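What follows is entry14.cif (mmCIF, C-alpha atoms).
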```cif
data_structure
#
loop_
_atom_site.label_atom_id
_atom_site.label_comp_id
_atom_site.auth_asym_id
_atom_site.auth_seq_id
_atom_site.Cartn_x
_atom_site.Cartn_y
_atom_site.Cartn_z
CA ALA A 1 -90.11 -4.11 5.31
CA THR A 2 -89.33 -5.17 1.73
CA GLY A 3 -90.98 -8.58 2.01
CA GLY A 4 -87.65 -10.26 1.38
CA GLY A 5 -87.51 -9.33 -2.27
CA ALA A 6 -84.72 -6.73 -2.34
CA VAL A 7 -81.93 -9.31 -2.57
CA ILE A 8 -79.75 -7.34 -4.99
CA ALA A 9 -79.98 -4.18 -2.88
CA ALA A 10 -79.12 -6.17 0.24
CA GLN A 11 -76.13 -7.77 -1.47
CA ALA A 12 -74.90 -4.36 -2.60
CA ALA A 13 -75.20 -3.06 0.96
CA PHE A 14 -73.28 -6.04 2.32
CA ALA A 15 -70.65 -5.68 -0.38
CA ALA A 16 -70.12 -2.12 0.82
CA LEU A 17 -69.96 -3.41 4.39
CA TYR A 18 -67.37 -5.99 3.34
CA LEU A 19 -65.19 -3.33 1.73
CA ALA A 20 -65.57 -1.03 4.73
CA THR A 21 -64.59 -3.86 7.11
CA LEU A 22 -61.61 -4.72 4.94
CA ALA A 23 -60.52 -1.06 4.95
CA VAL A 24 -60.71 -0.97 8.76
CA VAL A 25 -58.68 -4.18 9.05
CA PHE A 26 -56.10 -2.79 6.61
CA GLY A 27 -55.91 0.26 8.85
CA ILE A 28 -55.22 -1.98 11.87
CA TYR A 29 -52.37 -3.76 10.08
CA VAL A 30 -50.84 -0.50 8.86
CA ALA A 31 -51.11 1.09 12.30
CA ALA A 32 -49.46 -1.93 13.92
CA GLY A 33 -46.66 -1.80 11.36
CA SER A 34 -45.42 -5.28 12.25
CA ALA A 35 -46.84 -7.64 9.62
CA PRO A 36 -45.30 -7.88 6.15
CA VAL A 37 -47.17 -5.90 3.51
CA TRP A 38 -47.98 -9.04 1.51
CA THR A 39 -50.16 -10.34 4.37
CA LEU A 40 -52.75 -7.76 3.33
CA GLY A 41 -53.23 -9.87 0.21
CA LEU A 42 -54.18 -12.88 2.32
CA LEU A 43 -57.08 -10.88 3.71
CA CYS A 44 -58.64 -10.76 0.23
CA LEU A 45 -58.31 -14.44 -0.71
CA SER A 46 -60.97 -16.22 1.34
CA LYS A 47 -63.90 -17.69 -0.56
CA ARG A 48 -65.85 -18.36 2.65
CA TYR A 49 -65.22 -14.86 4.02
CA HIS A 50 -66.60 -13.31 0.83
CA SER A 51 -69.61 -15.62 0.97
CA ILE A 52 -70.49 -14.69 4.56
CA PHE A 53 -70.89 -11.05 3.55
CA VAL A 54 -72.15 -10.95 -0.03
CA LEU A 55 -74.06 -14.24 -0.43
CA ARG A 56 -75.24 -15.20 3.04
CA LEU A 57 -75.84 -11.68 4.43
CA PHE A 58 -75.16 -12.71 8.04
CA ASN A 59 -75.28 -10.08 10.78
CA ASP A 60 -71.90 -11.38 11.99
CA GLY A 61 -70.30 -9.08 9.43
CA VAL A 62 -72.07 -6.06 10.94
CA ALA A 63 -70.88 -6.98 14.42
CA MET A 64 -67.28 -7.47 13.31
CA PHE A 65 -67.21 -4.14 11.48
CA PHE A 66 -67.83 -2.43 14.83
CA ALA A 67 -65.47 -4.79 16.66
CA PHE A 68 -62.59 -4.11 14.27
CA ALA A 69 -63.41 -0.39 14.36
CA SER A 70 -62.96 -0.67 18.12
CA VAL A 71 -59.48 -2.12 17.61
CA LEU A 72 -58.51 0.67 15.22
CA LEU A 73 -59.82 3.37 17.57
CA ALA A 74 -57.88 1.83 20.47
CA GLN A 75 -54.71 1.90 18.35
CA LYS A 76 -55.27 5.64 17.94
CA ASP A 77 -55.53 5.99 21.74
CA ARG A 78 -59.26 6.75 21.52
CA LEU A 79 -60.17 4.18 24.16
CA HIS A 80 -63.52 5.72 25.07
CA LEU A 81 -64.70 5.63 21.46
CA ALA A 82 -63.27 2.11 21.19
CA THR A 83 -65.46 1.10 24.13
CA LEU A 84 -68.56 2.53 22.44
CA ALA A 85 -67.71 0.74 19.19
CA LEU A 86 -67.28 -2.56 21.01
CA SER A 87 -70.59 -2.04 22.79
CA ALA A 88 -72.21 -1.47 19.40
CA ALA A 89 -70.70 -4.75 18.21
CA VAL A 90 -72.04 -6.58 21.27
CA SER A 91 -75.50 -5.15 20.61
CA VAL A 92 -75.45 -6.97 17.26
CA LYS A 93 -73.66 -10.19 18.21
CA MET A 94 -72.53 -11.34 21.64
CA ASN A 95 -69.27 -12.86 20.35
CA ALA A 96 -67.69 -9.37 20.45
CA LEU A 97 -67.46 -9.82 24.23
CA LEU A 98 -64.40 -11.97 23.52
CA MET A 99 -62.41 -8.76 23.05
CA LEU A 100 -63.67 -7.17 26.26
CA PRO A 101 -60.93 -8.50 28.59
CA GLY A 102 -58.28 -7.01 26.32
CA LEU A 103 -60.03 -3.64 26.22
CA LEU A 104 -60.31 -3.65 30.02
CA LEU A 105 -56.56 -4.27 30.22
CA LEU A 106 -55.90 -1.28 27.95
CA LEU A 107 -58.15 0.91 30.11
CA VAL A 108 -56.32 -0.18 33.25
CA LYS A 109 -52.92 0.55 31.70
CA HIS A 110 -53.77 3.83 29.96
CA ARG A 111 -56.69 5.56 31.71
CA ARG A 112 -57.24 7.00 35.18
CA LEU A 113 -60.14 5.77 37.32
CA ALA A 114 -62.53 8.43 36.01
CA GLY A 115 -61.85 7.39 32.43
CA GLN A 116 -62.31 3.72 33.29
CA LEU A 117 -65.64 4.33 35.01
CA HIS A 118 -66.79 6.62 32.21
CA ALA A 119 -66.04 3.95 29.60
CA ALA A 120 -67.78 1.23 31.61
CA PHE A 121 -70.85 3.39 32.15
CA ASP A 122 -71.16 4.32 28.48
CA PHE A 123 -70.69 0.68 27.44
CA ALA A 124 -73.62 -0.32 29.65
CA LEU A 125 -75.66 2.75 28.66
CA LEU A 126 -75.46 1.94 24.96
CA GLN A 127 -76.57 -1.63 25.72
CA ALA A 128 -79.54 -0.28 27.67
CA LEU A 129 -80.54 2.17 24.93
CA VAL A 130 -80.45 -0.54 22.27
CA ALA A 131 -82.44 -2.88 24.50
CA LEU A 132 -85.02 -0.29 25.53
CA PRO A 133 -87.71 -1.13 22.90
CA PHE A 134 -87.45 -4.83 23.74
CA LEU A 135 -87.34 -4.25 27.49
CA ALA A 136 -90.50 -2.15 27.28
CA ALA A 137 -92.45 -4.87 25.48
CA PHE A 138 -90.93 -8.24 26.48
CA PRO A 139 -88.45 -7.76 29.36
CA ALA A 140 -88.42 -11.41 30.51
CA SER A 141 -87.84 -12.77 27.02
CA TYR A 142 -85.11 -10.24 26.35
CA PHE A 143 -83.11 -11.10 29.46
CA ALA A 144 -83.60 -14.82 28.79
CA LYS A 145 -82.44 -14.77 25.17
CA ALA A 146 -80.28 -11.70 24.48
CA PHE A 147 -77.39 -13.04 26.57
CA GLU A 148 -78.07 -16.76 26.49
CA PHE A 149 -74.80 -18.19 27.77
CA SER A 150 -76.34 -21.62 28.32
CA ARG A 151 -77.37 -22.12 24.69
CA VAL A 152 -76.66 -25.59 23.28
CA PHE A 153 -75.78 -25.63 19.58
CA VAL A 154 -76.82 -28.36 17.14
CA HIS A 155 -74.02 -30.90 16.67
CA HIS A 156 -74.75 -31.30 12.94
CA TRP A 157 -73.71 -27.70 12.18
CA SER A 158 -70.55 -27.65 14.27
CA VAL A 159 -67.48 -26.91 12.19
CA ASN A 160 -64.94 -27.44 14.99
CA PHE A 161 -66.19 -30.35 17.10
CA LYS A 162 -67.86 -32.69 14.62
CA PHE A 163 -65.40 -35.41 15.66
CA VAL A 164 -66.72 -35.28 19.26
CA PRO A 165 -69.62 -37.67 19.95
CA GLU A 166 -72.93 -35.83 20.11
CA THR A 167 -73.65 -37.00 23.65
CA VAL A 168 -70.39 -35.36 24.78
CA PHE A 169 -70.90 -32.28 22.62
CA VAL A 170 -74.24 -31.35 24.23
CA SER A 171 -73.18 -32.22 27.78
CA ALA A 172 -72.72 -29.60 30.49
CA GLY A 173 -69.35 -31.11 31.39
CA PHE A 174 -67.96 -30.43 27.91
CA ALA A 175 -69.12 -26.81 28.11
CA LYS A 176 -67.56 -26.33 31.53
CA ALA A 177 -64.27 -27.87 30.39
CA LEU A 178 -64.08 -25.47 27.44
CA LEU A 179 -64.92 -22.52 29.69
CA ALA A 180 -62.17 -23.55 32.10
CA ALA A 181 -59.72 -23.89 29.19
CA HIS A 182 -60.73 -20.44 27.95
CA LEU A 183 -60.15 -18.81 31.33
CA LEU A 184 -56.84 -20.64 31.79
CA LEU A 185 -55.55 -19.56 28.37
CA LEU A 186 -56.62 -15.97 28.97
CA PHE A 187 -54.76 -15.96 32.29
CA LEU A 188 -51.61 -17.49 30.78
CA PHE A 189 -51.53 -14.99 27.92
CA ALA A 190 -52.21 -12.07 30.26
CA HIS A 191 -49.73 -13.17 32.92
CA LEU A 192 -46.88 -14.28 30.68
CA ARG A 193 -47.37 -12.02 27.66
CA TRP A 194 -49.54 -8.92 27.96
CA CYS A 195 -48.71 -8.03 31.58
CA ARG A 196 -45.15 -9.33 31.59
CA ASP A 197 -43.62 -5.83 31.58
CA HIS A 198 -45.48 -5.18 34.86
CA GLY A 199 -44.44 -8.44 36.51
CA GLY A 200 -47.58 -10.41 35.66
CA VAL A 201 -51.31 -10.10 36.25
CA PHE A 202 -51.23 -9.99 40.04
CA ARG A 203 -48.45 -7.42 40.09
CA LEU A 204 -50.35 -5.23 37.63
CA ILE A 205 -53.51 -5.46 39.76
CA GLN A 206 -51.45 -4.43 42.79
CA LYS A 207 -49.97 -1.47 40.91
CA TRP A 208 -53.41 -0.47 39.62
CA LEU A 209 -54.86 -0.50 43.13
CA VAL A 210 -51.99 1.61 44.46
CA THR A 211 -52.23 4.00 41.52
CA THR A 212 -56.00 4.36 41.88
CA ALA A 213 -55.78 4.90 45.62
CA THR A 214 -52.94 7.45 45.59
CA ARG A 215 -53.91 9.41 42.46
CA ASP A 216 -57.70 9.24 42.34
CA VAL A 217 -59.22 8.29 45.71
CA LEU A 218 -57.07 9.68 48.52
CA PRO A 219 -56.79 13.18 46.98
CA LEU A 220 -60.59 13.44 47.25
CA ILE A 221 -60.26 13.51 51.03
CA GLY A 222 -57.17 15.70 51.01
CA VAL A 223 -54.63 12.93 51.58
CA THR A 224 -51.43 12.74 49.54
CA ALA A 225 -48.95 9.89 49.43
CA GLU A 226 -45.49 9.69 47.92
CA ILE A 227 -45.06 6.41 46.05
CA SER A 228 -42.13 5.42 43.86
CA LYS A 229 -42.85 5.18 40.14
CA GLY A 230 -42.04 1.48 40.18
CA GLN A 231 -45.12 0.88 42.34
CA LEU A 232 -47.47 2.71 39.95
CA VAL A 233 -48.99 2.19 36.52
CA ASP A 234 -47.86 4.94 34.16
CA GLN A 235 -51.31 5.58 32.71
CA ALA A 236 -50.18 8.73 30.88
CA GLN A 237 -48.12 6.86 28.29
CA LYS A 238 -49.49 6.44 24.80
CA VAL A 239 -50.60 3.01 23.66
CA ASP A 240 -48.53 0.95 21.24
CA PRO A 241 -50.70 0.15 18.18
CA GLN A 242 -49.04 -3.24 17.74
CA PHE A 243 -49.70 -4.12 21.38
CA VAL A 244 -53.37 -3.13 20.99
CA ALA A 245 -53.81 -5.47 18.03
CA ASP A 246 -51.84 -8.19 19.82
CA VAL A 247 -54.09 -8.04 22.89
CA LEU A 248 -57.48 -7.63 21.22
CA PHE A 249 -56.83 -10.08 18.37
CA GLY A 250 -55.32 -12.49 20.88
CA CYS A 251 -58.27 -12.33 23.29
CA ASN A 252 -60.63 -12.92 20.40
CA PHE A 253 -58.66 -15.88 19.03
CA VAL A 254 -58.32 -17.58 22.42
CA GLY A 255 -62.10 -17.43 22.72
CA ILE A 256 -62.48 -18.94 19.25
CA VAL A 257 -60.16 -21.82 20.13
CA CYS A 258 -62.31 -22.67 23.16
CA ALA A 259 -65.69 -22.03 21.53
CA ARG A 260 -68.22 -24.79 22.16
CA SER A 261 -69.28 -24.67 18.53
CA LEU A 262 -68.26 -22.72 15.44
CA HIS A 263 -70.67 -22.29 12.55
CA TYR A 264 -69.60 -21.31 9.05
CA GLN A 265 -70.52 -17.65 9.48
CA PHE A 266 -68.36 -17.44 12.61
CA TYR A 267 -65.29 -17.52 10.37
CA CYS A 268 -65.61 -13.77 9.92
CA TRP A 269 -65.06 -13.39 13.67
CA TYR A 270 -61.37 -14.15 13.31
CA PHE A 271 -60.26 -14.77 9.73
CA PRO A 272 -58.91 -11.18 9.35
CA THR A 273 -56.79 -11.62 12.48
CA VAL A 274 -55.01 -14.85 11.47
CA PRO A 275 -52.29 -13.31 9.24
CA PHE A 276 -51.44 -10.89 12.04
CA LEU A 277 -51.20 -13.65 14.63
CA LEU A 278 -49.04 -15.76 12.31
CA PHE A 279 -46.72 -13.19 10.75
CA SER A 280 -46.58 -10.04 12.86
CA THR A 281 -43.63 -10.98 15.06
CA PRO A 282 -40.75 -13.47 14.86
CA PRO A 283 -40.61 -16.48 17.19
CA LYS A 284 -38.72 -16.01 20.42
CA ALA A 285 -35.06 -16.89 20.17
CA SER A 286 -34.05 -19.66 22.55
CA ALA A 287 -31.50 -18.93 25.20
CA SER A 288 -28.88 -20.94 23.38
CA SER A 289 -29.41 -19.36 19.99
CA SER A 290 -27.58 -16.35 18.70
CA SER A 291 -29.15 -12.95 18.22
CA SER A 292 -28.92 -13.20 14.46
CA SER A 293 -31.93 -14.16 12.37
CA SER A 294 -32.65 -17.73 11.30
CA PRO A 295 -30.83 -19.07 8.24
CA PRO A 296 -32.78 -18.49 5.03
CA PRO A 297 -33.72 -22.20 4.54
CA LEU A 298 -35.22 -22.39 8.03
CA SER A 299 -37.05 -19.09 7.50
CA LEU A 300 -38.56 -20.41 4.29
CA VAL A 301 -39.68 -23.61 6.00
CA LEU A 302 -41.31 -21.60 8.79
CA LEU A 303 -42.99 -19.32 6.25
CA ALA A 304 -44.32 -22.31 4.31
CA ALA A 305 -45.59 -23.91 7.52
CA LYS A 306 -47.45 -20.77 8.54
CA LEU A 307 -48.99 -20.36 5.10
CA SER A 308 -50.08 -23.99 5.31
CA LEU A 309 -51.84 -23.25 8.60
CA TRP A 310 -53.64 -20.31 6.98
CA ALA A 311 -54.65 -22.52 4.03
CA ALA A 312 -55.80 -25.29 6.38
CA LEU A 313 -58.24 -22.93 8.08
CA GLU A 314 -59.66 -21.91 4.72
CA TRP A 315 -60.03 -25.55 3.66
CA CYS A 316 -61.82 -26.51 6.87
CA PHE A 317 -64.40 -23.77 6.45
CA ASN A 318 -65.04 -24.72 2.83
CA VAL A 319 -65.82 -28.37 3.59
CA PHE A 320 -69.63 -28.58 3.63
CA PRO A 321 -71.03 -30.20 5.60
CA SER A 322 -68.17 -30.48 8.04
CA THR A 323 -66.73 -33.91 8.75
CA SER A 324 -64.85 -35.51 11.60
CA VAL A 325 -61.63 -35.05 9.64
CA SER A 326 -62.18 -31.39 8.76
CA SER A 327 -63.16 -30.48 12.32
CA ALA A 328 -60.18 -32.34 13.79
CA VAL A 329 -57.86 -30.52 11.37
CA LEU A 330 -59.48 -27.21 12.37
CA VAL A 331 -58.96 -27.79 16.09
CA ALA A 332 -55.37 -28.94 15.53
CA THR A 333 -54.68 -25.86 13.39
CA HIS A 334 -56.15 -23.59 16.05
CA LEU A 335 -53.94 -25.13 18.73
CA ILE A 336 -50.78 -24.82 16.62
CA ILE A 337 -51.51 -21.16 15.83
CA THR A 338 -52.14 -20.54 19.53
CA TRP A 339 -48.78 -22.07 20.44
CA LEU A 340 -46.89 -20.12 17.76
CA TYR A 341 -48.60 -16.91 18.83
CA PHE A 342 -47.85 -17.57 22.49
CA ARG A 343 -44.17 -18.19 21.69
CA SER A 344 -43.79 -15.09 19.52
CA GLU A 345 -42.31 -11.85 20.79
CA CYS A 346 -44.82 -9.55 22.44
CA PRO A 347 -44.55 -5.79 21.82
CA HIS A 348 -44.32 -3.39 24.73
CA GLY A 349 -47.58 -1.86 25.85
CA THR A 350 -46.48 1.76 25.42
CA THR A 351 -44.78 3.96 22.87
CA SER A 352 -42.19 6.61 23.36
CA GLY A 353 -43.35 10.16 23.92
CA ASP A 354 -43.01 11.05 20.26
CA GLY A 355 -45.26 8.14 19.26
CA ASN A 356 -42.77 6.83 16.71
CA ALA A 357 -42.76 3.17 17.75
CA THR A 358 -44.60 2.04 14.64
CA THR A 359 -42.31 4.06 12.38
CA ASN A 360 -39.23 2.63 14.06
CA ARG A 361 -40.53 -0.94 13.60
CA ARG A 362 -41.08 -0.30 9.90
CA LYS A 363 -37.53 1.00 9.54
CA LYS A 364 -36.15 -2.11 11.23
CA ARG A 365 -38.11 -4.35 8.86
CA ASN A 366 -36.72 -2.59 5.77
#
```

Would you mind writing the file out in structure tokens?
Amino acid sequence: ATGGGAVIAAQAAFAALYLATLAVVFGIYVAAGSAPVWTLGLLCLSKRYHSIFVLRLFNDGVAMFFAFASVLLAQKDRLHLATLALSAAVSVKMNALLMLPGLLLLLVKHRRLAGQLHAAFDFALLQALVALPFLAAFPASYFAKAFEFSRVFVHHWSVNFKFVPETVFVSAGFAKALLAAHLLLLFLFAHLRWCRDHGGVFRLIQKWLVTTATRDVLPLIGVTAEISKGQLVDQAQKVDPQFVADVLFGCNFVGIVCARSLHYQFYCWYFPTVPFLLFSTPPKASASSSSSSSPPPLSLVLLAAKLSLWAALEWCFNVFPSTSVSSAVLVATHLIITWLYFRSECPHGTTSGDGNATTNRRKKRN
């Protein structure tokens, strides 16, 4: 509409978007109450992250504003609004779908069947409303390109797999292997971390089916059933803000680790989540260790190591063009962060009735 000449106005708009996104992410960290306050400073120190918004004007920033707003809304137990915000993010950039499995888990654990169906319907409805102008004019092209899962990226611009030979990079086998790794990691995190308090993924599915049948389906035909609480999902409990961030940030990061290709602008998909994943919770104590905290020297070494991982990510995304070395370092850093995150303590999925879980965590950290 402007002929491409309103660069300064566009940069001002994206600067406002950057600040708004940063404010939302700050809100997520504060609501979780588990990361040290100084980690908020790390969110402001990325040269590449600033560039993506203010210099490059990529629409990835718009998508992630809605995606992070979805996380914050979910922390406030506004899961229906969180679903709409995530759908808005997907309408801008398909990468926001990486958070969808985590949001579905939250709906299963904290909403009755009617609420789950309502959220799913509105998610799809918003997608349809956004697509309507394109569907009316070019329906075939829209369906072919809007959700193009088979897209093959150009090897030259890959930030994460430049060290992989191009013939392997563009092959279908490589894509399938990464997809399988993604699904496996999601299952492991869900089974051993996010659903552990319910006995794992399969046990949670069983409880959800029993809960849905006895509370939502059978009463419609006048049938009642007495089931012990241990066989049901307590969907009335409030969400734990730290658990919400853990699940949604974790789902997103696992997808990033297994992404077929990362471009420079994709850094904004997950850079704001890295300090949380690294510093929000202490590593699990081994069975042989005592319950006391690590000795100060060891704690300092661990802190330095985690800061080095954060700095390594920033370095990799500031090497232009990417090299075999920078992409290998990036993949290695991703894998180490994934392992540390997997081994860290996972918060419970619910808060107490008074909703003071976050407050109590802050007191324990002081």

Can you turn the PyMOL selection byres ((chain A and resi 68-82) around 7) into a concrete residue list for this file, as a PyMOL selection string?
-> chain A and resi 24-25+27-28+64-67+83-86+119+238-241+244-245+248

Got a sec to resolve the PyMOL selection byres ((chain A and resi 231) around 9) on this structure and send the residues as a list in words?
-> Gln206, Lys207, Trp208, Val210, Thr211, Ile227, Ser228, Lys229, Gly230, Leu232 and Val233 of chain A

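Proximity to segment 5-10 of chain A at 12 Å, evaluated using all atoms listed in the file and with sequence-adjacent residues fewer than 2 positions away removed, yields Ala1, Thr2, Gly3, Ala12, Ala13, Phe14, Ala15, Ala16, Leu17, Phe53, Val54, Leu55, Arg56, Leu57, Phe58 and Asn59 of chain A.
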
Go ahead and save the picked residues with C-alpha atoms, as a compact mmCIF listing (two decimals), keeping the file's coordinate frame.
```txt
# COMPACT_ATOMS: atom_id res chain seq x y z
CA ALA A 1 -90.11 -4.11 5.31
CA THR A 2 -89.33 -5.17 1.73
CA GLY A 3 -90.98 -8.58 2.01
CA ALA A 12 -74.90 -4.36 -2.60
CA ALA A 13 -75.20 -3.06 0.96
CA PHE A 14 -73.28 -6.04 2.32
CA ALA A 15 -70.65 -5.68 -0.38
CA ALA A 16 -70.12 -2.12 0.82
CA LEU A 17 -69.96 -3.41 4.39
CA PHE A 53 -70.89 -11.05 3.55
CA VAL A 54 -72.15 -10.95 -0.03
CA LEU A 55 -74.06 -14.24 -0.43
CA ARG A 56 -75.24 -15.20 3.04
CA LEU A 57 -75.84 -11.68 4.43
CA PHE A 58 -75.16 -12.71 8.04
CA ASN A 59 -75.28 -10.08 10.78
```

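Between Ala114 of chain A and the residues A:Ala236, A:Ala146, A:Thr212, A:Phe202, the shortest atom-to-atom distance, using all atoms listed in the file, involves A:Thr212.
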
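With all atoms listed in the file as the atoms that count, the residue of A:Leu340, A:Ala259, A:Thr214, A:Val154 with the shortest distance to Thr167 of chain A is A:Val154.
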
Top pick for closest residue to Ile205 of chain A, considering A:Leu277, A:Val164, A:Val108, A:Leu129 and counting all atoms listed in the file | A:Val108

Extract segment 148-176 of chain A from the coordinates I pasted, and write it as a PDB file, in the first residue's frame (atoms kept: C-alpha atoms).
```pdb
ATOM      1  CA  GLU A 148       3.089 -27.101   3.111  1.00  0.00           C
ATOM      2  CA  PHE A 149       4.585 -29.797   5.325  1.00  0.00           C
ATOM      3  CA  SER A 150       6.603 -31.251   2.443  1.00  0.00           C
ATOM      4  CA  ARG A 151       8.534 -28.045   1.738  1.00  0.00           C
ATOM      5  CA  VAL A 152      12.264 -28.533   1.100  1.00  0.00           C
ATOM      6  CA  PHE A 153      14.448 -25.657   2.311  1.00  0.00           C
ATOM      7  CA  VAL A 154      17.567 -24.409   0.528  1.00  0.00           C
ATOM      8  CA  HIS A 155      20.701 -25.935   2.049  1.00  0.00           C
ATOM      9  CA  HIS A 156      22.695 -22.705   1.661  1.00  0.00           C
ATOM     10  CA  TRP A 157      20.506 -20.850   4.184  1.00  0.00           C
ATOM     11  CA  SER A 158      20.364 -23.586   6.811  1.00  0.00           C
ATOM     12  CA  VAL A 159      21.764 -22.432  10.132  1.00  0.00           C
ATOM     13  CA  ASN A 160      21.536 -25.817  11.877  1.00  0.00           C
ATOM     14  CA  PHE A 161      22.425 -28.473   9.288  1.00  0.00           C
ATOM     15  CA  LYS A 162      25.062 -26.830   7.102  1.00  0.00           C
ATOM     16  CA  PHE A 163      27.475 -29.620   8.073  1.00  0.00           C
ATOM     17  CA  VAL A 164      25.142 -32.231   6.516  1.00  0.00           C
ATOM     18  CA  PRO A 165      25.829 -32.951   2.827  1.00  0.00           C
ATOM     19  CA  GLU A 166      23.255 -31.290   0.583  1.00  0.00           C
ATOM     20  CA  THR A 167      22.182 -34.587  -0.969  1.00  0.00           C
ATOM     21  CA  VAL A 168      21.277 -35.855   2.518  1.00  0.00           C
ATOM     22  CA  PHE A 169      19.741 -32.560   3.592  1.00  0.00           C
ATOM     23  CA  VAL A 170      17.160 -32.513   0.779  1.00  0.00           C
ATOM     24  CA  SER A 171      16.379 -36.233   0.955  1.00  0.00           C
ATOM     25  CA  ALA A 172      13.030 -37.577   2.145  1.00  0.00           C
ATOM     26  CA  GLY A 173      14.814 -40.013   4.451  1.00  0.00           C
ATOM     27  CA  PHE A 174      16.458 -37.185   6.390  1.00  0.00           C
ATOM     28  CA  ALA A 175      13.083 -35.466   6.828  1.00  0.00           C
ATOM     29  CA  LYS A 176      11.440 -38.666   8.032  1.00  0.00           C
TER      30      LYS A 176
END
```
